[in-house]
$ cat start.txt   # compact mmCIF, C-alpha atoms (C1' of nucleotides)
# COMPACT_ATOMS: atom_id res chain seq x y z
CA MET A 1 -36.33 70.35 -9.52
CA PRO A 2 -37.06 68.23 -6.52
CA LYS A 3 -36.31 64.84 -7.95
CA LEU A 4 -34.71 63.55 -11.07
CA VAL A 5 -36.91 61.14 -12.96
CA ASP A 6 -36.81 60.71 -16.68
CA HIS A 7 -40.42 61.24 -17.55
CA HIS A 8 -40.15 59.71 -20.97
CA GLU A 9 -38.38 56.65 -19.66
CA ARG A 10 -41.09 56.01 -17.08
CA ARG A 11 -43.79 56.39 -19.65
CA THR A 12 -41.99 54.00 -21.96
CA LEU A 13 -41.72 51.47 -19.16
CA LEU A 14 -45.46 51.69 -18.56
CA ALA A 15 -46.13 51.54 -22.29
CA ASP A 16 -44.12 48.32 -22.48
CA ALA A 17 -46.26 46.83 -19.76
CA LEU A 18 -49.35 47.86 -21.68
CA LEU A 19 -47.99 46.29 -24.85
CA ARG A 20 -47.34 43.05 -23.03
CA VAL A 21 -50.87 42.95 -21.66
CA ALA A 22 -52.34 43.82 -25.04
CA ALA A 23 -50.32 41.17 -26.83
CA GLU A 24 -50.97 38.39 -24.35
CA ARG A 25 -54.51 39.01 -23.17
CA GLY A 26 -55.99 41.36 -25.73
CA LEU A 27 -57.01 44.98 -25.64
CA MET A 28 -60.11 44.23 -23.62
CA ASP A 29 -57.87 43.40 -20.67
CA VAL A 30 -55.90 46.61 -20.86
CA SER A 31 -56.87 48.61 -17.80
CA LEU A 32 -55.01 51.00 -15.53
CA ARG A 33 -54.79 48.43 -12.81
CA HIS A 34 -53.68 45.58 -15.08
CA VAL A 35 -51.00 47.70 -16.69
CA ALA A 36 -49.84 48.83 -13.28
CA ALA A 37 -49.68 45.26 -12.03
CA GLU A 38 -47.80 44.14 -15.14
CA ALA A 39 -45.31 46.95 -14.63
CA GLY A 40 -45.07 46.19 -10.91
CA VAL A 41 -46.25 49.60 -9.80
CA THR A 42 -49.39 51.04 -8.30
CA ALA A 43 -52.33 52.26 -10.31
CA GLY A 44 -51.84 55.72 -8.91
CA MET A 45 -48.42 56.00 -10.48
CA VAL A 46 -49.79 55.09 -13.87
CA GLN A 47 -52.28 57.86 -13.44
CA HIS A 48 -49.50 60.22 -12.54
CA TYR A 49 -47.77 59.70 -15.87
CA PHE A 50 -50.86 59.44 -18.03
CA ARG A 51 -53.75 61.65 -17.13
CA THR A 52 -56.13 59.47 -19.07
CA LYS A 53 -56.16 55.93 -20.33
CA ASP A 54 -56.48 57.01 -23.93
CA GLU A 55 -53.36 59.12 -23.59
CA MET A 56 -51.53 56.01 -22.45
CA MET A 57 -52.84 53.99 -25.39
CA VAL A 58 -51.75 56.58 -27.92
CA PHE A 59 -48.33 56.85 -26.32
CA ALA A 60 -47.90 53.08 -26.44
CA LEU A 61 -48.80 53.09 -30.10
CA ASP A 62 -46.21 55.79 -30.74
CA VAL A 63 -43.63 53.73 -28.91
CA VAL A 64 -44.03 50.74 -31.20
CA ALA A 65 -44.13 52.97 -34.27
CA ALA A 66 -40.87 54.61 -33.25
CA ARG A 67 -39.34 51.24 -32.49
CA VAL A 68 -40.27 49.79 -35.86
CA ALA A 69 -39.02 52.90 -37.62
CA ALA A 70 -35.73 52.70 -35.76
CA ARG A 71 -35.29 49.07 -36.74
CA LEU A 72 -35.98 49.89 -40.35
CA ASP A 73 -33.51 52.76 -40.34
CA ALA A 74 -30.88 50.53 -38.80
CA GLU A 75 -31.23 47.74 -41.32
CA GLU A 76 -32.42 49.24 -44.54
CA VAL A 77 -29.12 48.95 -46.30
CA GLY A 78 -28.74 46.68 -49.26
CA ALA A 79 -27.03 46.57 -52.58
CA THR A 80 -30.05 46.25 -54.86
CA PRO A 81 -33.53 47.77 -54.60
CA ARG A 82 -34.89 44.30 -54.25
CA ALA A 83 -32.64 43.61 -51.26
CA ARG A 84 -33.66 46.85 -49.59
CA VAL A 85 -37.35 46.12 -50.05
CA ARG A 86 -36.78 42.61 -48.82
CA THR A 87 -35.18 43.66 -45.55
CA LEU A 88 -37.93 46.18 -45.04
CA LEU A 89 -40.74 43.70 -45.54
CA VAL A 90 -39.06 40.94 -43.57
CA GLN A 91 -39.15 43.25 -40.57
CA LEU A 92 -42.93 43.05 -40.71
CA LEU A 93 -43.06 39.28 -40.37
CA PRO A 94 -43.24 37.90 -36.83
CA LEU A 95 -40.16 35.72 -37.10
CA ASP A 96 -38.90 36.26 -33.57
CA ALA A 97 -40.48 36.90 -30.20
CA ALA A 98 -40.09 40.67 -30.30
CA ARG A 99 -41.73 41.02 -33.68
CA GLU A 100 -44.44 38.56 -32.72
CA LEU A 101 -45.34 40.81 -29.81
CA GLU A 102 -45.30 43.83 -32.08
CA GLY A 103 -47.46 42.00 -34.56
CA ARG A 104 -50.05 41.13 -31.96
CA VAL A 105 -50.03 44.71 -30.80
CA ALA A 106 -50.47 45.90 -34.37
CA VAL A 107 -53.49 43.68 -34.89
CA ALA A 108 -54.99 44.80 -31.61
CA PHE A 109 -54.48 48.45 -32.44
CA HIS A 110 -55.89 47.97 -35.90
CA ALA A 111 -59.10 46.83 -34.29
CA TYR A 112 -58.85 49.69 -31.82
CA ALA A 113 -58.42 52.18 -34.64
CA ALA A 114 -61.74 51.18 -36.14
CA ALA A 115 -63.48 53.07 -33.36
CA ARG A 116 -60.95 55.92 -32.75
CA PRO A 117 -60.37 58.00 -35.85
CA ASP A 118 -57.30 59.72 -34.39
CA VAL A 119 -55.61 56.38 -33.84
CA ALA A 120 -56.52 55.40 -37.37
CA VAL A 121 -54.75 58.49 -38.65
CA ARG A 122 -51.57 57.50 -36.85
CA LEU A 123 -51.58 54.00 -38.28
CA ARG A 124 -52.24 55.47 -41.67
CA ASP A 125 -49.26 57.79 -41.51
CA ASP A 126 -47.01 54.96 -40.44
CA THR A 127 -47.90 52.76 -43.38
CA ARG A 128 -47.85 55.65 -45.80
CA GLY A 129 -44.19 56.15 -45.13
CA MET A 130 -43.35 52.54 -45.76
CA ARG A 131 -45.37 52.48 -48.93
CA ALA A 132 -43.52 55.50 -50.23
CA ALA A 133 -40.19 53.88 -49.46
CA ILE A 134 -41.12 50.70 -51.30
CA ALA A 135 -42.52 52.64 -54.23
CA HIS A 136 -39.28 54.59 -54.48
CA GLU A 137 -37.27 51.41 -54.63
CA ALA A 138 -39.63 49.93 -57.16
CA ARG A 139 -39.20 53.00 -59.28
CA THR A 140 -35.41 52.77 -59.28
CA ALA A 141 -35.64 49.06 -59.96
CA GLY A 142 -37.75 49.80 -63.00
CA VAL A 143 -40.50 47.25 -62.70
CA ALA A 144 -42.16 46.16 -65.86
CA ALA A 145 -45.37 44.46 -64.91
CA LEU A 146 -46.80 46.96 -62.42
CA ASP A 147 -46.50 50.66 -61.82
CA PRO A 148 -44.38 51.34 -58.75
CA GLU A 149 -47.27 52.52 -56.58
CA ALA A 150 -49.29 49.39 -57.23
CA ALA A 151 -46.24 47.23 -56.67
CA ALA A 152 -45.63 48.92 -53.33
CA THR A 153 -49.18 48.55 -52.05
CA GLY A 154 -49.25 44.97 -53.22
CA LEU A 155 -46.02 43.98 -51.53
CA LEU A 156 -46.92 45.80 -48.34
CA SER A 157 -50.37 44.25 -48.19
CA LEU A 158 -48.89 40.87 -48.90
CA ALA A 159 -46.39 41.16 -46.08
CA GLU A 160 -48.98 42.33 -43.60
CA GLY A 161 -51.38 39.63 -44.67
CA LEU A 162 -48.67 37.02 -44.27
CA ALA A 163 -47.88 38.43 -40.84
CA VAL A 164 -51.49 38.04 -39.77
CA HIS A 165 -51.55 34.48 -41.02
CA VAL A 166 -48.38 33.61 -39.16
CA LEU A 167 -49.70 35.18 -35.97
CA GLY A 168 -52.93 33.24 -36.29
CA GLY A 169 -51.04 30.00 -36.66
CA HIS A 170 -52.28 29.50 -40.21
CA LEU A 171 -48.75 29.53 -41.51
CA ASP A 172 -45.24 29.12 -40.23
CA GLY A 173 -42.56 31.73 -40.64
CA GLY A 174 -40.50 29.80 -43.13
CA HIS A 175 -43.36 29.43 -45.58
CA ALA A 176 -44.25 33.08 -45.18
CA LEU A 177 -40.70 34.02 -46.00
CA ALA A 178 -40.67 31.80 -49.06
CA VAL A 179 -43.92 33.25 -50.36
CA LEU A 180 -42.64 36.76 -49.80
CA GLU A 181 -39.45 35.93 -51.64
CA ALA A 182 -41.33 34.46 -54.58
CA HIS A 183 -43.54 37.52 -54.87
CA LEU A 184 -40.53 39.79 -54.74
CA ASP A 185 -39.23 37.90 -57.74
CA LEU A 186 -42.51 38.28 -59.55
CA VAL A 187 -42.95 41.96 -58.85
CA LEU A 188 -39.43 43.35 -58.79
CA GLY A 189 -37.73 40.72 -60.88
CA PRO A 190 -35.45 37.95 -59.64
CA GLU A 191 -32.21 38.55 -57.82
CA ARG A 192 -29.36 39.38 -60.09
CA MET B 193 -94.36 23.48 -26.66
CA PRO B 194 -95.94 26.52 -25.07
CA LYS B 195 -94.88 29.07 -27.58
CA LEU B 196 -93.36 28.99 -31.01
CA VAL B 197 -90.14 30.92 -31.31
CA ASP B 198 -87.38 30.09 -33.72
CA HIS B 199 -84.45 29.84 -31.42
CA HIS B 200 -81.87 30.08 -34.15
CA GLU B 201 -83.51 33.10 -35.68
CA ARG B 202 -83.54 34.97 -32.39
CA ARG B 203 -79.92 34.15 -31.79
CA THR B 204 -79.04 35.34 -35.26
CA LEU B 205 -80.87 38.58 -34.64
CA LEU B 206 -78.88 39.13 -31.47
CA ALA B 207 -75.67 38.13 -33.22
CA ASP B 208 -76.36 40.76 -35.86
CA ALA B 209 -76.71 43.38 -33.17
CA LEU B 210 -73.42 42.24 -31.69
CA LEU B 211 -71.75 42.46 -35.08
CA ARG B 212 -73.00 45.98 -35.55
CA VAL B 213 -71.68 47.05 -32.17
CA ALA B 214 -68.37 45.34 -32.80
CA ALA B 215 -67.96 46.93 -36.21
CA GLU B 216 -68.93 50.44 -35.17
CA ARG B 217 -67.57 50.77 -31.66
CA GLY B 218 -65.07 47.95 -31.33
CA LEU B 219 -65.03 44.76 -29.33
CA MET B 220 -64.35 46.58 -26.08
CA ASP B 221 -67.87 47.99 -26.28
CA VAL B 222 -69.53 44.65 -26.79
CA SER B 223 -71.44 43.93 -23.61
CA LEU B 224 -74.69 42.18 -22.85
CA ARG B 225 -76.46 45.47 -22.27
CA HIS B 226 -75.08 47.18 -25.36
CA VAL B 227 -75.98 44.28 -27.58
CA ALA B 228 -79.43 44.18 -26.05
CA ALA B 229 -79.89 47.91 -26.62
CA GLU B 230 -78.68 47.64 -30.19
CA ALA B 231 -81.13 44.81 -30.81
CA GLY B 232 -83.89 46.73 -29.06
CA VAL B 233 -84.46 44.09 -26.40
CA THR B 234 -83.70 43.74 -22.73
CA ALA B 235 -80.49 42.37 -21.33
CA GLY B 236 -82.40 39.53 -19.73
CA MET B 237 -83.53 38.24 -23.09
CA VAL B 238 -79.99 38.17 -24.38
CA GLN B 239 -79.11 36.12 -21.37
CA HIS B 240 -81.96 33.80 -22.10
CA TYR B 241 -80.58 32.90 -25.52
CA PHE B 242 -76.92 32.89 -24.61
CA ARG B 243 -76.03 31.59 -21.19
CA THR B 244 -72.68 33.31 -21.33
CA LYS B 245 -71.18 36.18 -23.23
CA ASP B 246 -68.50 34.03 -24.75
CA GLU B 247 -71.15 31.72 -26.16
CA MET B 248 -72.70 34.73 -27.85
CA MET B 249 -69.37 35.82 -29.30
CA VAL B 250 -68.63 32.41 -30.75
CA PHE B 251 -72.10 32.18 -32.22
CA ALA B 252 -71.71 35.58 -33.86
CA LEU B 253 -68.42 34.49 -35.35
CA ASP B 254 -70.07 31.38 -36.75
CA VAL B 255 -72.79 33.53 -38.26
CA VAL B 256 -70.37 35.61 -40.29
CA ALA B 257 -68.39 32.54 -41.29
CA ALA B 258 -71.54 30.87 -42.56
CA ARG B 259 -72.57 34.03 -44.35
CA VAL B 260 -69.25 34.41 -46.12
CA ALA B 261 -69.25 30.75 -47.08
CA ALA B 262 -72.76 31.07 -48.48
CA ARG B 263 -71.76 34.07 -50.55
CA LEU B 264 -68.77 32.22 -51.89
CA ASP B 265 -70.83 29.18 -52.81
CA ALA B 266 -73.34 31.37 -54.57
CA GLU B 267 -70.83 33.24 -56.69
CA GLU B 268 -67.89 30.98 -57.20
CA VAL B 269 -68.73 30.14 -60.78
CA GLY B 270 -66.47 31.22 -63.56
CA ALA B 271 -65.10 29.98 -66.82
CA THR B 272 -61.40 29.99 -66.05
CA PRO B 273 -59.54 29.18 -62.84
CA ARG B 274 -58.37 32.77 -62.76
CA ALA B 275 -61.96 34.03 -62.88
CA ARG B 276 -62.99 31.71 -60.07
CA VAL B 277 -60.12 32.78 -57.85
CA ARG B 278 -60.87 36.38 -58.70
CA THR B 279 -64.50 36.22 -57.62
CA LEU B 280 -63.44 34.44 -54.46
CA LEU B 281 -60.85 37.02 -53.49
CA VAL B 282 -62.99 39.98 -54.47
CA GLN B 283 -65.50 38.82 -51.87
CA LEU B 284 -62.88 39.53 -49.23
CA LEU B 285 -62.48 43.18 -50.17
CA PRO B 286 -64.76 45.65 -48.40
CA LEU B 287 -66.25 47.14 -51.55
CA ASP B 288 -69.77 47.61 -50.21
CA ALA B 289 -71.32 48.34 -46.86
CA ALA B 290 -72.07 44.72 -45.98
CA ARG B 291 -68.55 43.55 -46.66
CA GLU B 292 -67.11 46.55 -44.89
CA LEU B 293 -69.00 45.54 -41.77
CA GLU B 294 -67.81 41.98 -42.15
CA GLY B 295 -64.29 43.20 -42.63
CA ARG B 296 -64.37 45.25 -39.46
CA VAL B 297 -65.78 42.27 -37.62
CA ALA B 298 -63.06 40.07 -39.02
CA VAL B 299 -60.34 42.43 -37.82
CA ALA B 300 -61.96 42.67 -34.42
CA PHE B 301 -62.21 38.92 -34.07
CA HIS B 302 -58.66 38.45 -35.24
CA ALA B 303 -57.58 40.55 -32.30
CA TYR B 304 -59.99 38.65 -30.08
CA ALA B 305 -58.58 35.33 -31.25
CA ALA B 306 -55.12 36.28 -30.02
CA ALA B 307 -56.34 35.70 -26.48
CA ARG B 308 -58.87 32.87 -27.03
CA PRO B 309 -57.29 29.80 -28.60
CA ASP B 310 -60.64 28.22 -29.46
CA VAL B 311 -61.65 31.27 -31.47
CA ALA B 312 -58.30 31.17 -33.21
CA VAL B 313 -59.00 27.58 -34.26
CA ARG B 314 -62.27 28.62 -35.86
CA LEU B 315 -60.67 31.42 -37.85
CA ARG B 316 -57.96 29.04 -38.88
CA ASP B 317 -60.38 26.48 -40.22
CA ASP B 318 -62.21 29.13 -42.18
CA THR B 319 -59.12 30.36 -43.98
CA ARG B 320 -57.80 26.87 -44.49
CA GLY B 321 -60.78 26.06 -46.65
CA MET B 322 -60.30 29.11 -48.81
CA ARG B 323 -56.63 28.44 -49.21
CA ALA B 324 -57.35 24.91 -50.34
CA ALA B 325 -59.85 26.16 -52.88
CA ILE B 326 -57.41 28.66 -54.33
CA ALA B 327 -54.61 26.12 -54.38
CA HIS B 328 -56.84 23.73 -56.28
CA GLU B 329 -57.60 26.34 -58.90
CA ALA B 330 -53.94 27.26 -59.14
CA ARG B 331 -53.12 23.63 -59.71
CA THR B 332 -55.58 23.27 -62.57
CA ALA B 333 -54.37 26.56 -64.02
CA GLY B 334 -50.85 25.19 -64.00
CA VAL B 335 -48.86 28.08 -62.64
CA ALA B 336 -45.28 28.31 -63.66
CA ALA B 337 -43.60 30.69 -61.27
CA LEU B 338 -44.90 29.41 -57.92
CA ASP B 339 -46.09 26.10 -56.60
CA PRO B 340 -49.86 26.12 -56.13
CA GLU B 341 -49.74 26.17 -52.32
CA ALA B 342 -47.46 29.19 -52.24
CA ALA B 343 -49.56 30.93 -54.85
CA ALA B 344 -52.68 30.35 -52.79
CA THR B 345 -51.23 31.66 -49.53
CA GLY B 346 -49.78 34.63 -51.35
CA LEU B 347 -53.00 35.61 -53.04
CA LEU B 348 -55.04 35.09 -49.91
CA SER B 349 -52.65 37.10 -47.77
CA LEU B 350 -52.59 39.81 -50.39
CA ALA B 351 -56.37 40.07 -50.47
CA GLU B 352 -56.66 40.19 -46.71
CA GLY B 353 -53.87 42.73 -46.46
CA LEU B 354 -55.57 44.87 -49.08
CA ALA B 355 -58.83 44.56 -47.17
CA VAL B 356 -57.19 45.83 -44.00
CA HIS B 357 -55.69 48.76 -45.86
CA VAL B 358 -59.02 49.68 -47.39
CA LEU B 359 -60.74 49.45 -44.01
CA GLY B 360 -58.09 51.66 -42.45
CA GLY B 361 -58.57 54.27 -45.14
CA HIS B 362 -55.05 53.75 -46.47
CA LEU B 363 -56.42 52.77 -49.84
CA ASP B 364 -59.62 53.04 -51.79
CA GLY B 365 -61.47 50.07 -53.17
CA GLY B 366 -60.67 50.76 -56.80
CA HIS B 367 -56.94 50.74 -56.23
CA ALA B 368 -57.20 47.60 -54.15
CA LEU B 369 -59.07 45.90 -56.96
CA ALA B 370 -56.50 46.98 -59.51
CA VAL B 371 -53.61 45.69 -57.40
CA LEU B 372 -55.41 42.40 -56.87
CA GLU B 373 -56.02 42.09 -60.59
CA ALA B 374 -52.39 42.78 -61.40
CA HIS B 375 -51.19 40.17 -58.95
CA LEU B 376 -53.61 37.63 -60.36
CA ASP B 377 -51.97 38.23 -63.71
CA LEU B 378 -48.53 37.78 -62.21
CA VAL B 379 -49.31 34.64 -60.28
CA LEU B 380 -51.87 32.82 -62.39
CA GLY B 381 -51.04 34.33 -65.73
CA PRO B 382 -53.05 36.98 -67.60
CA GLU B 383 -56.64 36.53 -68.73
CA ARG B 384 -56.91 34.55 -71.88
C1' DC C 385 -108.99 23.62 -15.15
C1' DC C 386 -104.52 23.10 -14.09
C1' DT C 387 -99.99 22.33 -14.31
C1' DG C 388 -95.62 22.27 -16.64
C1' DT C 389 -92.76 24.53 -19.71
C1' DC C 390 -91.17 28.22 -22.35
C1' DG C 391 -90.33 33.26 -23.24
C1' DC C 392 -88.93 37.16 -21.33
C1' DG C 393 -88.46 40.93 -17.78
C1' DT C 394 -86.58 42.55 -13.28
C1' DT C 395 -83.65 42.78 -9.57
C1' DG C 396 -79.56 42.17 -7.18
C1' DC C 397 -74.79 41.40 -6.48
C1' DA C 398 -69.83 41.03 -6.36
C1' DG C 399 -66.36 42.69 -8.83
C1' DG C 400 -63.99 45.67 -12.09
C1' DT C 401 -63.52 50.31 -14.45
C1' DG C 402 -61.68 55.20 -15.15
C1' DC C 403 -60.76 59.03 -12.72
C1' DA C 404 -60.71 62.79 -9.14
C1' DA C 405 -59.11 64.07 -4.77
C1' DC C 406 -56.13 64.10 -1.17
C1' DG C 407 -51.96 62.72 1.46
C1' DT C 408 -47.12 62.36 2.07
C1' DA C 409 -42.27 62.12 1.42
C1' DA C 410 -38.30 63.80 -0.70
C1' DA C 411 -35.43 67.01 -2.90
C1' DC C 412 -34.21 71.43 -4.18
C1' DG C 413 -33.92 76.92 -4.17
C1' DA C 414 -34.36 80.92 -1.30
C1' DT D 415 -35.45 76.93 7.64
C1' DC D 416 -39.14 77.31 4.86
C1' DG D 417 -41.88 76.90 0.81
C1' DT D 418 -42.39 74.92 -3.52
C1' DT D 419 -42.30 71.46 -6.70
C1' DT D 420 -42.12 66.71 -8.09
C1' DA D 421 -43.21 61.78 -7.34
C1' DC D 422 -45.78 58.81 -5.88
C1' DG D 423 -49.51 56.14 -2.76
C1' DT D 424 -54.30 55.80 -0.99
C1' DT D 425 -58.99 56.29 -0.89
C1' DG D 426 -63.30 56.91 -2.70
C1' DC D 427 -66.91 57.26 -6.04
C1' DA D 428 -70.08 56.71 -9.74
C1' DC D 429 -70.60 53.67 -13.21
C1' DC D 430 -70.48 49.46 -15.80
C1' DT D 431 -69.71 44.54 -16.15
C1' DG D 432 -71.28 39.43 -16.38
C1' DC D 433 -74.24 36.55 -14.29
C1' DA D 434 -77.54 34.25 -11.00
C1' DA D 435 -81.99 34.32 -9.23
C1' DC D 436 -86.60 35.02 -9.26
C1' DG D 437 -91.20 36.43 -11.19
C1' DC D 438 -94.79 36.15 -14.18
C1' DG D 439 -97.66 35.82 -18.30
C1' DA D 440 -98.78 32.73 -22.19
C1' DC D 441 -99.69 28.71 -24.20
C1' DA D 442 -100.19 23.67 -24.63
C1' DG D 443 -101.21 18.80 -22.95
C1' DG D 444 -103.48 16.19 -19.40
$ encode --input "start.txt" --output "C-alpha cells"
Amino acid sequence: MPKLVDHHERRTLLADALLRVAAERGLMDVSLRHVAAEAGVTAGMVQHYFRTKDEMMVFALDVVAARVAARLDAEEVGATPRARVRTLLVQLLPLDAARELEGRVAVAFHAYAAARPDVAVRLRDDTRGMRAAIAHEARTAGVAALDPEAAATGLLSLAEGLAVHVLGGHLDGGHALAVLEAHLDLVLGPER
Amino acid sequence: MPKLVDHHERRTLLADALLRVAAERGLMDVSLRHVAAEAGVTAGMVQHYFRTKDEMMVFALDVVAARVAARLDAEEVGATPRARVRTLLVQLLPLDAARELEGRVAVAFHAYAAARPDVAVRLRDDTRGMRAAIAHEARTAGVAALDPEAAATGLLSLAEGLAVHVLGGHLDGGHALAVLEAHLDLVLGPER
DNA sequence: CCTGTCGCGTTGCAGGTGCAACGTAAACGA
DNA sequence: TCGTTTACGTTGCACCTGCAACGCGACAGG
C-alpha cells in the first residue's frame, strides 16, 4: 500500500461539506465543485472518492442516518416507556445547531427522494425502525386510547411535523417541545 | 391592445407545467426549458411571461397556495368544530392524485424555502392562517387537555407529518386518516 | 395605410455542470 | 532500483443553464 489514507474518513469529510452546502444553500447548489470548495479541496479529489455525484449523495445520506442512529442509541435510556419515547422524539426536533443542520438536510433529502426511488427506500427504512421502537414502548406502556402502531405513527409524524415548523420559523423550539410533551401525555398517559 | 391574451391564464398554465415538473422530477429539474417543454411551448415564451426564473417559482407557489385556500373555503363547512377541523386537515393529506401532486410540491418548496427567505415568509403566512383557524375552532370546542394554540399547532404538525409519510410511501392513506381521526378524538374530544 | 404595441420565436452567450482522461508524485514491495 | 499501486491535480469536453437581444407577424388606433 503506497500511502495510508482512511478512505471512509475522507468520504465522511466530503459528505460533511455536502451536508453543509445542502443545509445552507439547498440541494440545487450541491455540485462537485461547490462541495469541493466547501471542503477546501479540488474537484478532482472529490471525483477520486466518489465516482459519481449520486454516489456521493447517497453516502452523505447514510452518514446522517448513522449519526442520528448513534445519537439515539447513546441516549435512549429512561426509566419509563414515556421517558424513552420522549428522548427519542426530542432528538428529532432542531433544538441546537447540529440538529438544525440535520433537519434541513432531512427536508432537502425528502424532496430529493421524491424523484429517486432508491433514496426513498433508504429514508423509509430509517423511519420504519424508529416507528417500531416507539410502537414497542407504547405496547409496554399499555396505551388505552390508541393501538400501539397508530400511537407510534402519530407521535412520529407529530415530531417530524413540529420539526418542519420549527425549521421554517413558524414555531420556536420551546413551544414545539411543549406541544410534544402534551401529546405524549395524551397518547401514552401522563408522567407518573 | 393588439391581441387579446389573458396574461394571468397563461402564467397559470406555465405554473402548472412547473408544478408537474417539480412534483415528478424534483426542483433540481425545474428549468426554463423543461417547464417550456412540459407546457408544450418554447422557452422564449416562458421568458416572455416571467422575466426571471425566480419570478416564475414564486408565482407557482402562489398558485398552489390560492388553490389550497379555495378548496378550504369551499369545504370548510361542518356542524361541529371537530368536523370543521377534520375537513380542514383532511385536505392536507395526499389522498387523491391532485393532493399528492400538491403535497410533493409543498415538500419541494419547503426545501426551496430553506435557501430563499422570501419564499419562507410566504409558506409561513400560509400555515399561520390555518393554525389560526384551527385554534379558533379549538377555542369554541373548549378543549380540556391543551390550550387551543397548542392543540392547533399539534394537529397541524401531525397532519403535515402524516402527509410526508404518506408521500414517502411509509404509510398508506387509510392509516393516516385513522391516526388523524384518533388524535382529533384525543385533542378535541370524541364525536358527539 | 401605417405605425406602435403586443405575442412569441430564435439566436447567442457567458458561465456552470458532471464526468472522462491524463499527469504526476509519493510510498511501498520485489 | 524498478514497477506497481494509491492519491491526488489538471485539463478538456459535451451539455445545460438563465438571460439578453433581436426579429417578425398580427392586430388595433390614428
$ residues_around --input "start.txt" --residues "DG417 in chain D" --least-positions-apart "5" --cutoff "12 Å" --atoms "all atoms listed in the file" --output "list of chain:residue names"
C:DC412, C:DG413, C:DA414
$ closest_atom_pairs --input "start.txt" --of "chain B" --to "chain D" --cutoff "12 Å" --atoms "only C-alpha atoms (C1' of nucleotides)" --output "CSV"
residue,atom,partner,partner_atom,distance
B:Met193,CA,D:DA442,C1',6.2
B:Pro194,CA,D:DC441,C1',4.4
B:Lys195,CA,D:DC441,C1',5.9
B:Leu196,CA,D:DC441,C1',9.3
B:Met220,CA,D:DT431,C1',11.5
B:Asp221,CA,D:DT431,C1',10.9
B:Val222,CA,D:DT431,C1',10.6
B:Ser223,CA,D:DT431,C1',7.7
B:Leu224,CA,D:DG432,C1',7.8
B:Arg225,CA,D:DT431,C1',9.2
B:His226,CA,D:DC430,C1',10.9
B:Ala235,CA,D:DG432,C1',10.9
B:Gly236,CA,D:DC433,C1',10.2
B:Val238,CA,D:DC433,C1',11.7
B:Gln239,CA,D:DC433,C1',8.6
B:His240,CA,D:DC433,C1',11.3
B:Phe242,CA,D:DC433,C1',11.3
B:Arg243,CA,D:DC433,C1',8.7
B:Thr244,CA,D:DC433,C1',7.9
B:Lys245,CA,D:DG432,C1',7.6
B:Asp246,CA,D:DG432,C1',10.3
$ interface_residues --input "start.txt" --of "chain C" --to "chain B" --cutoff "8 Å" --atoms "only C-alpha atoms (C1' of nucleotides)" --output "list in words"
DT389, DC390, DG391, DC392 and DG393 of chain C
$ write_last_selection --input "start.txt" --atoms "C-alpha atoms (C1' of nucleotides)" --output "PDB file, in the coordinates of the input"
ATOM      1  C1'  DT C 389     -92.760  24.530 -19.710  1.00  0.00           C
ATOM      2  C1'  DC C 390     -91.170  28.220 -22.350  1.00  0.00           C
ATOM      3  C1'  DG C 391     -90.330  33.260 -23.240  1.00  0.00           C
ATOM      4  C1'  DC C 392     -88.930  37.160 -21.330  1.00  0.00           C
ATOM      5  C1'  DG C 393     -88.460  40.930 -17.780  1.00  0.00           C
TER       6       DG C 393
END
$ closest_atom_pairs --input "start.txt" --of "chain B" --to "chain A" --cutoff "8 Å" --atoms "only C-alpha atoms" --output "CSV"
residue,atom,partner,partner_atom,distance
B:Ala215,CA,A:Ala114,CA,7.5
B:Glu216,CA,A:Ala115,CA,6.3
B:Arg217,CA,A:Ala115,CA,5.0
B:Gly218,CA,A:Ala115,CA,5.7
B:Leu219,CA,A:Met28,CA,7.6
B:Met220,CA,A:Met28,CA,5.4
B:Arg296,CA,A:Ala114,CA,7.3
B:Val299,CA,A:Ala111,CA,5.8
B:Ala300,CA,A:Ala111,CA,5.0
B:His302,CA,A:Val107,CA,7.4
B:Ala303,CA,A:Ala108,CA,5.0
B:Tyr304,CA,A:Gly26,CA,6.5
B:Ala305,CA,A:Gly168,CA,7.9
B:Ala306,CA,A:Gly26,CA,6.7
B:Ala307,CA,A:Arg25,CA,5.0
B:Ala312,CA,A:Gly168,CA,6.5
B:Arg316,CA,A:His170,CA,5.9
B:Thr319,CA,A:His170,CA,7.9
B:Arg320,CA,A:His170,CA,7.5
B:Ala337,CA,A:Leu186,CA,7.9
B:Leu338,CA,A:Ala182,CA,7.0
B:Ala342,CA,A:Val179,CA,5.7
B:Ala343,CA,A:Val179,CA,7.6
B:Thr345,CA,A:Val179,CA,7.5
B:Gly346,CA,A:Val179,CA,6.1
B:Leu347,CA,A:Leu158,CA,7.9
B:Leu348,CA,A:Gly161,CA,7.8
B:Ser349,CA,A:Gly161,CA,4.2
B:Leu350,CA,A:Leu158,CA,4.1
B:Ala351,CA,A:Ser157,CA,7.7
B:Glu352,CA,A:Gly161,CA,5.7
B:Gly353,CA,A:Ser157,CA,4.2
B:Leu354,CA,A:Ser157,CA,5.3
B:His357,CA,A:Ser157,CA,7.4
B:Gly360,CA,A:Ala120,CA,6.5
B:Gly361,CA,A:Arg124,CA,7.3
B:His362,CA,A:Arg124,CA,5.8
B:His367,CA,A:Ala150,CA,7.8
B:Ala370,CA,A:Ala150,CA,7.9
B:Val371,CA,A:Ala150,CA,5.7
B:Leu372,CA,A:Gly154,CA,7.6
B:Ala374,CA,A:Leu146,CA,7.1
B:His375,CA,A:Gly154,CA,7.7
B:Leu378,CA,A:Leu186,CA,6.6
B:Val379,CA,A:Leu186,CA,7.7
$ atom_distance --input "start.txt" --atom1 "CA of Leu205 in chain B" --atom2 "CA of Phe251 in chain B"
11.1 Å
$ atom_distance --input "start.txt" --atom1 "CA of His136 in chain A" --atom2 "CA of Pro81 in chain A"
8.9 Å
$ atom_distance --input "start.txt" --atom1 "CA of Val77 in chain A" --atom2 "CA of Pro94 in chain A"
20.3 Å
$ axis_aligned_box --input "start.txt" --around "range 425-435 of chain D" --padding-each-side "6 Å" --output "JSON"
{"center_x": -70.5, "center_y": 45.8, "center_z": -8.6, "size_x": 35.0, "size_y": 35.0, "size_z": 27.5}
$ decode --input "start.txt" --residues "range 263-269 of chain B" --atoms "C-alpha atoms" --output "CSV table (one decimal), in the first residue's frame"
chain,number,residue,atom,x,y,z
B,263,ARG,CA,-60.5,24.3,-1.6
B,264,LEU,CA,-60.6,25.0,2.1
B,265,ASP,CA,-63.1,27.8,1.7
B,266,ALA,CA,-65.3,25.6,-0.4
B,267,GLU,CA,-65.4,22.7,2.0
B,268,GLU,CA,-64.9,24.1,5.5
B,269,VAL,CA,-68.5,23.7,6.5
